[in-house]
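Q: Just passing along the structure, written as structure tokens.
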Amino acid sequence: MPASPIRKLVPYAENAKKKGIKVYHLNIGQPDIETPPAALDAVRHSDFRVLEYSHSAGNETYRRKLAAYYEGIGINVDHTQILITTGGSEAIFFGMMSCLDAGDEVIVPEPFYANYNGFAVEAGITIVPVTSGIDTGFALPSIADFEKKITPRTRAVIICNPNNPTGYLYRREELETLADIVKKHNLYLFSDEAYREFCYDGSHTSALQLPGIEQNVLLMDTISKRYSACGARIGALVTKNRQVLDTALKFAQARLSPPSFGQIAGEAALDLPHDYFDATKAEYKLRRDTLVKRLNGIPGVVCPNPGGAFYAMAKLPVKNADHFCQWLLESFSYENQTVMLAPASGFYSTPGLGMDEVRLAYVLNTDAINKAMDCLEKALEQYRG
Ligand SMILES: Cc1ncc(COP(=O)(O)O)c(C=O)c1O
């Protein structure tokens, strides 16, 4: 199993903290936004005598409300096409296990969410990267680039929209181009839409809204980021493909049921007013604008403006970002503070790529982001010196 590139520097951060240094965590997508009180209250006020297994596909009341939520955002599904999972993580895993055999190949634009590697190892499948670059702001690679990667063993494409780690928001035309490839080669399209609600420049198109590939699409969803409820461990696998659903349900039955309390929180969150996301989105947008402006103001740093999610990728004037990120925690502090970043190499599958890039998660308030950027600016001066 590959180690998580996001967590491997944790011992260095712990040591820095032991020395009394304040560490700004821009390395991990753990939002600081409060979980909606209504969701937590629903759990607090739940009244069980027996905390039973739920239905393997998830509570029907929850699935029906979730179907109404999807309907409301233009995704036309009913509750029988939704399987509640233990986080989006399990939805990705069930998708891979249900559609792919060991040895099958899956094309993924890199850099990508590093845990796809772990799920691929578990499922015995091979990830084939198609590279997107910082120069184009991590736009979807061209059809020609995708087609070069297709072999007789290719079965699926995975996209994450808006993207973790790049923050790139795919335009409808890009997705339609991708749909053509999917159709032409009869592939599955796994669409990880964990950050759907957080789009700042332009609107979100779901893969399930693309005409002509309805039977090919598996949507992987989660409440972790949407409601700042990572610990609820609630996600969903959504597809119109009955055969895939039937198979995924067998995997769901093997693990018995998704978490009961999490489903209660998820169901209650669906009653939040429509404008609930406005404030959260405005806050993330402010943070993005602050972070991107500060990064591009540091000599030698390049950061494309991400259209969604809460991540940005930046190119730093260093040769080895892994070393620099470790050095930030081990050997540097400014006014007794430092910053923790995720080296980008772990998000690429092609060896040697992303060596001078880092991913930053803007999950801290603007004051903290500014202080973290002060640290980064000073650190780069000192490191390069
Ligand atoms: C792109 C993406 N997909 C899926 C997940 C999994 O989330 P969870 O299992 O908490 O729903 C994450 C978590 O960070 C993510 O960033």
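FYI, nothing fancy with the structure tokens labels: chains A, B, ... in order, residues from 1 per chain, ligands from 1 as they appear.
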Please identify all protein, DNA and RNA residues within 6 Å of ligand 1, counting only C-alpha atoms and all ligand atoms, and report them as an NGL selection string.

A: :A and (29 or 87-89 or 113 or 160 or 164 or 192 or 194 or 222 or 224 or 230 or 233 or 235)

Q: Selected residues, N, CA and C atoms, written as a CSV table (one decimal), in the first residue's frame, please.

A:
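Output saved as again35.csv:
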chain,number,residue,atom,x,y,z
A,29,GLY,N,-7.3,18.5,3.7
A,29,GLY,CA,-8.6,19.1,3.5
A,29,GLY,C,-9.6,18.8,4.6
A,87,GLY,N,-18.7,6.9,3.6
A,87,GLY,CA,-17.9,8.0,3.0
A,87,GLY,C,-17.8,7.8,1.5
A,88,GLY,N,-17.4,8.9,0.9
A,88,GLY,CA,-17.1,8.8,-0.6
A,88,GLY,C,-16.1,7.7,-0.9
A,89,SER,N,-15.2,7.5,0.1
A,89,SER,CA,-14.1,6.5,-0.1
A,89,SER,C,-14.7,5.2,-0.5
A,113,TYR,N,-6.3,12.8,-6.7
A,113,TYR,CA,-6.5,12.4,-5.3
A,113,TYR,C,-5.7,11.1,-5.0
A,160,CYS,N,-12.3,13.9,-11.1
A,160,CYS,CA,-12.7,14.5,-9.8
A,160,CYS,C,-13.0,16.0,-10.2
A,164,ASN,N,-9.6,17.8,-6.6
A,164,ASN,CA,-8.6,17.7,-5.6
A,164,ASN,C,-7.5,16.9,-6.2
A,192,ASP,N,-16.0,11.7,-9.4
A,192,ASP,CA,-15.9,12.0,-7.9
A,192,ASP,C,-16.3,13.5,-7.8
A,194,ALA,N,-17.1,15.2,-4.9
A,194,ALA,CA,-17.1,15.5,-3.5
A,194,ALA,C,-17.2,17.0,-3.2
A,222,THR,N,-20.2,12.5,-1.4
A,222,THR,CA,-20.0,12.5,0.1
A,222,THR,C,-20.5,13.7,0.7
A,224,SER,N,-18.9,14.7,3.5
A,224,SER,CA,-17.7,15.1,4.3
A,224,SER,C,-17.4,16.6,4.1
A,230,CYS,N,-16.8,15.4,7.9
A,230,CYS,CA,-15.9,14.3,7.5
A,230,CYS,C,-16.0,13.0,8.4
A,233,ARG,N,-18.8,9.9,8.1
A,233,ARG,CA,-18.5,8.8,7.2
A,233,ARG,C,-19.7,8.4,6.4
A,235,GLY,N,-21.3,8.7,2.4
A,235,GLY,CA,-21.2,9.1,1.0
A,235,GLY,C,-22.3,8.4,0.3

Q: Compile the contact shell of Ala252 of chain A as a PyMOL selection string: residues with an atom at most 12 Å away, counting only C-alpha atoms, same-chain residues fewer than 2 positions apart removed.

A: chain A and resi 54-58+82-86+90-91+93-95+97-98+236-237+245-250+254-259

Q: Would you mind listing what lies within 10 Å of Pro11 of chain A as a list in words, with only C-alpha atoms counted and same-chain residues fewer than 3 positions away left out?

A: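 Counting only the stated atoms, we get Arg7, Lys8, Glu14, Asn15, Ala16, Lys17, Gln326, Leu329 and Glu330 of chain A.
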
Q: Return the single residue from A:Phe261, A:Arg171, A:Ser206, A:Tyr188 that is closest to Asp41 of chain A, with distances computed using only C-alpha atoms.

A: A:Phe261

Q: Counting only C-alpha atoms, what is within 7 Å of segment 312-317 of chain A, bar same-chain residues fewer than 4 positions away, as a short mmCIF file (atom, residue, chain, number, x, y, z; two decimals) with C-alpha atoms, in the first residue's frame?

A:
data_model
loop_
_atom_site.label_atom_id
_atom_site.label_comp_id
_atom_site.auth_asym_id
_atom_site.auth_seq_id
_atom_site.Cartn_x
_atom_site.Cartn_y
_atom_site.Cartn_z
CA PRO A 165 -5.68 18.48 -5.65
CA THR A 166 -5.75 21.14 -8.40
CA GLY A 167 -9.04 22.94 -7.72
CA GLY A 300 9.35 32.63 -8.19
CA VAL A 301 5.97 31.20 -7.09
CA VAL A 302 3.25 30.43 -9.67
CA CYS A 303 -0.30 29.51 -8.67
CA PRO A 306 -8.54 27.32 -8.99
CA ASP A 356 8.67 21.57 -7.46
CA GLU A 357 4.95 21.78 -6.71
CA VAL A 358 2.90 21.75 -3.51
CA ARG A 359 -0.79 21.51 -2.75
CA LEU A 360 -2.34 23.98 -0.32
CA ALA A 361 -5.77 23.47 1.27
#

Q: With only C-alpha atoms as the atoms that count, which of A:Leu272, A:Leu353, A:Leu376, A:Ala279 lies nearest to Asn296 of chain A?

A: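 Nearest candidate to Asn296 of chain A out of A:Leu272, A:Leu353, A:Leu376, A:Ala279: A:Leu376.
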
Q: Using atom CA of Ala342 of chain A and atom CA of Tyr284 of chain A as the two end points, give the distance in Å to one decimal.

A: 19.0 Å

Q: So that I can see what lies close to Gly297 of chain A, please list as number ranges by chain the residues with an atom at most 10 Å from it, counting only C-alpha atoms and leaving out residues fewer than 6 positions away in the same chain.

A: A: 291, 303, 373, 377

Q: Report, in Å with one decimal, the straight-line distance from atom CA of Arg64 of chain A to atom CA of Thr80 of chain A.

A: 8.4 Å

Q: Please, what distance in Å, to one decimal, runs between atom CA of Ala344 of chain A and atom CA of Asp374 of chain A?

A: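 About the pair atom CA of Ala344 of chain A and atom CA of Asp374 of chain A: they are 20.8 Å apart.
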
Q: Using only C-alpha atoms, which of A:Ile92, A:Ala13, A:Leu178, A:Val23 sits nearest Ala368 of chain A?

A: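 Of the candidates, the smallest distance to Ala368 of chain A is held by A:Val23.
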
Q: Check segment 52-126 of chain A with DSSP on the backbone and list each residue it calls alpha helix (DSSP H), as a VMD selection string.

A: chain A and resid 60 to 72 87 to 99 115 to 123

Q: Could those residues be written to a file, using N, CA, C and O atoms, as a compact mmCIF listing (two decimals), in the first residue's frame?

A:
# COMPACT_ATOMS: atom_id res chain seq x y z
N GLU A 60 -34.04 4.13 3.61
CA GLU A 60 -34.83 4.55 2.44
C GLU A 60 -35.26 6.01 2.55
O GLU A 60 -35.26 6.74 1.55
N THR A 61 -35.59 6.46 3.77
CA THR A 61 -36.01 7.87 3.93
C THR A 61 -34.87 8.79 3.48
O THR A 61 -35.11 9.80 2.82
N TYR A 62 -33.65 8.42 3.84
CA TYR A 62 -32.50 9.24 3.45
C TYR A 62 -32.31 9.19 1.93
O TYR A 62 -32.12 10.22 1.29
N ARG A 63 -32.40 8.01 1.36
CA ARG A 63 -32.18 7.90 -0.09
C ARG A 63 -33.24 8.66 -0.87
O ARG A 63 -32.95 9.28 -1.89
N ARG A 64 -34.47 8.66 -0.37
CA ARG A 64 -35.54 9.39 -1.07
C ARG A 64 -35.27 10.91 -1.00
O ARG A 64 -35.44 11.62 -1.99
N LYS A 65 -34.81 11.36 0.17
CA LYS A 65 -34.52 12.81 0.29
C LYS A 65 -33.31 13.20 -0.55
O LYS A 65 -33.25 14.28 -1.12
N LEU A 66 -32.36 12.27 -0.62
CA LEU A 66 -31.16 12.54 -1.41
C LEU A 66 -31.53 12.61 -2.90
O LEU A 66 -31.01 13.46 -3.64
N ALA A 67 -32.45 11.74 -3.31
CA ALA A 67 -32.90 11.78 -4.72
C ALA A 67 -33.53 13.14 -5.01
O ALA A 67 -33.30 13.72 -6.09
N ALA A 68 -34.28 13.67 -4.04
CA ALA A 68 -34.91 14.99 -4.23
C ALA A 68 -33.84 16.09 -4.31
O ALA A 68 -33.95 17.02 -5.10
N TYR A 69 -32.78 15.94 -3.49
CA TYR A 69 -31.66 16.90 -3.56
C TYR A 69 -31.03 16.87 -4.96
O TYR A 69 -30.79 17.92 -5.57
N TYR A 70 -30.77 15.66 -5.48
CA TYR A 70 -30.17 15.57 -6.81
C TYR A 70 -31.09 16.17 -7.87
O TYR A 70 -30.64 16.92 -8.74
N GLU A 71 -32.38 15.85 -7.75
CA GLU A 71 -33.37 16.41 -8.67
C GLU A 71 -33.28 17.95 -8.68
O GLU A 71 -33.28 18.58 -9.73
N GLY A 72 -33.13 18.50 -7.47
CA GLY A 72 -33.06 19.95 -7.30
C GLY A 72 -31.84 20.58 -7.96
O GLY A 72 -31.84 21.78 -8.27
N GLY A 87 -18.69 6.94 3.63
CA GLY A 87 -17.86 7.99 3.02
C GLY A 87 -17.82 7.82 1.50
O GLY A 87 -18.20 6.77 0.95
N GLY A 88 -17.35 8.88 0.85
CA GLY A 88 -17.13 8.80 -0.59
C GLY A 88 -16.07 7.74 -0.88
O GLY A 88 -16.05 7.13 -1.94
N SER A 89 -15.18 7.52 0.08
CA SER A 89 -14.11 6.54 -0.09
C SER A 89 -14.67 5.18 -0.46
O SER A 89 -14.19 4.52 -1.38
N GLU A 90 -15.71 4.76 0.27
CA GLU A 90 -16.27 3.44 0.00
C GLU A 90 -17.02 3.42 -1.35
O GLU A 90 -17.07 2.39 -2.03
N ALA A 91 -17.58 4.57 -1.72
CA ALA A 91 -18.26 4.65 -3.02
C ALA A 91 -17.24 4.41 -4.15
O ALA A 91 -17.52 3.70 -5.13
N ILE A 92 -16.06 4.99 -4.00
CA ILE A 92 -15.01 4.81 -5.01
C ILE A 92 -14.59 3.33 -5.05
O ILE A 92 -14.48 2.72 -6.11
N PHE A 93 -14.40 2.78 -3.86
CA PHE A 93 -13.97 1.39 -3.76
C PHE A 93 -15.02 0.44 -4.34
O PHE A 93 -14.71 -0.44 -5.14
N PHE A 94 -16.30 0.65 -3.97
CA PHE A 94 -17.37 -0.21 -4.51
C PHE A 94 -17.44 -0.07 -6.03
O PHE A 94 -17.68 -1.05 -6.73
N GLY A 95 -17.26 1.14 -6.51
CA GLY A 95 -17.30 1.37 -7.96
C GLY A 95 -16.24 0.55 -8.65
O GLY A 95 -16.49 -0.16 -9.64
N MET A 96 -15.02 0.63 -8.12
CA MET A 96 -13.91 -0.13 -8.73
C MET A 96 -14.17 -1.63 -8.66
O MET A 96 -14.00 -2.36 -9.64
N MET A 97 -14.61 -2.09 -7.48
CA MET A 97 -14.81 -3.53 -7.29
C MET A 97 -15.96 -4.06 -8.15
O MET A 97 -15.94 -5.20 -8.60
N SER A 98 -16.96 -3.22 -8.38
CA SER A 98 -18.15 -3.67 -9.12
C SER A 98 -17.92 -3.69 -10.63
O SER A 98 -18.53 -4.49 -11.33
N CYS A 99 -17.09 -2.79 -11.12
CA CYS A 99 -16.96 -2.63 -12.57
C CYS A 99 -15.69 -3.24 -13.15
O CYS A 99 -15.60 -3.41 -14.36
N ASN A 115 -5.51 8.92 -2.74
CA ASN A 115 -6.09 7.67 -2.26
C ASN A 115 -6.63 6.79 -3.38
O ASN A 115 -6.88 5.60 -3.15
N TYR A 116 -6.80 7.33 -4.59
CA TYR A 116 -7.18 6.44 -5.71
C TYR A 116 -6.13 5.34 -5.85
O TYR A 116 -6.46 4.22 -6.24
N ASN A 117 -4.88 5.68 -5.56
CA ASN A 117 -3.81 4.67 -5.62
C ASN A 117 -4.08 3.53 -4.66
O ASN A 117 -3.91 2.37 -4.99
N GLY A 118 -4.47 3.90 -3.43
CA GLY A 118 -4.72 2.88 -2.41
C GLY A 118 -5.88 1.98 -2.81
O GLY A 118 -5.81 0.75 -2.71
N PHE A 119 -6.98 2.60 -3.30
CA PHE A 119 -8.14 1.79 -3.71
C PHE A 119 -7.77 0.89 -4.89
O PHE A 119 -8.23 -0.25 -4.99
N ALA A 120 -6.93 1.41 -5.79
CA ALA A 120 -6.52 0.62 -6.96
C ALA A 120 -5.72 -0.59 -6.51
O ALA A 120 -5.89 -1.70 -7.04
N VAL A 121 -4.86 -0.40 -5.50
CA VAL A 121 -4.08 -1.53 -4.98
C VAL A 121 -5.04 -2.57 -4.39
O VAL A 121 -4.94 -3.76 -4.66
N GLU A 122 -6.01 -2.10 -3.61
CA GLU A 122 -6.99 -3.03 -2.99
C GLU A 122 -7.75 -3.81 -4.06
O GLU A 122 -8.06 -4.98 -3.89
N ALA A 123 -8.09 -3.11 -5.16
CA ALA A 123 -8.91 -3.75 -6.21
C ALA A 123 -8.05 -4.47 -7.25
O ALA A 123 -8.60 -5.13 -8.13
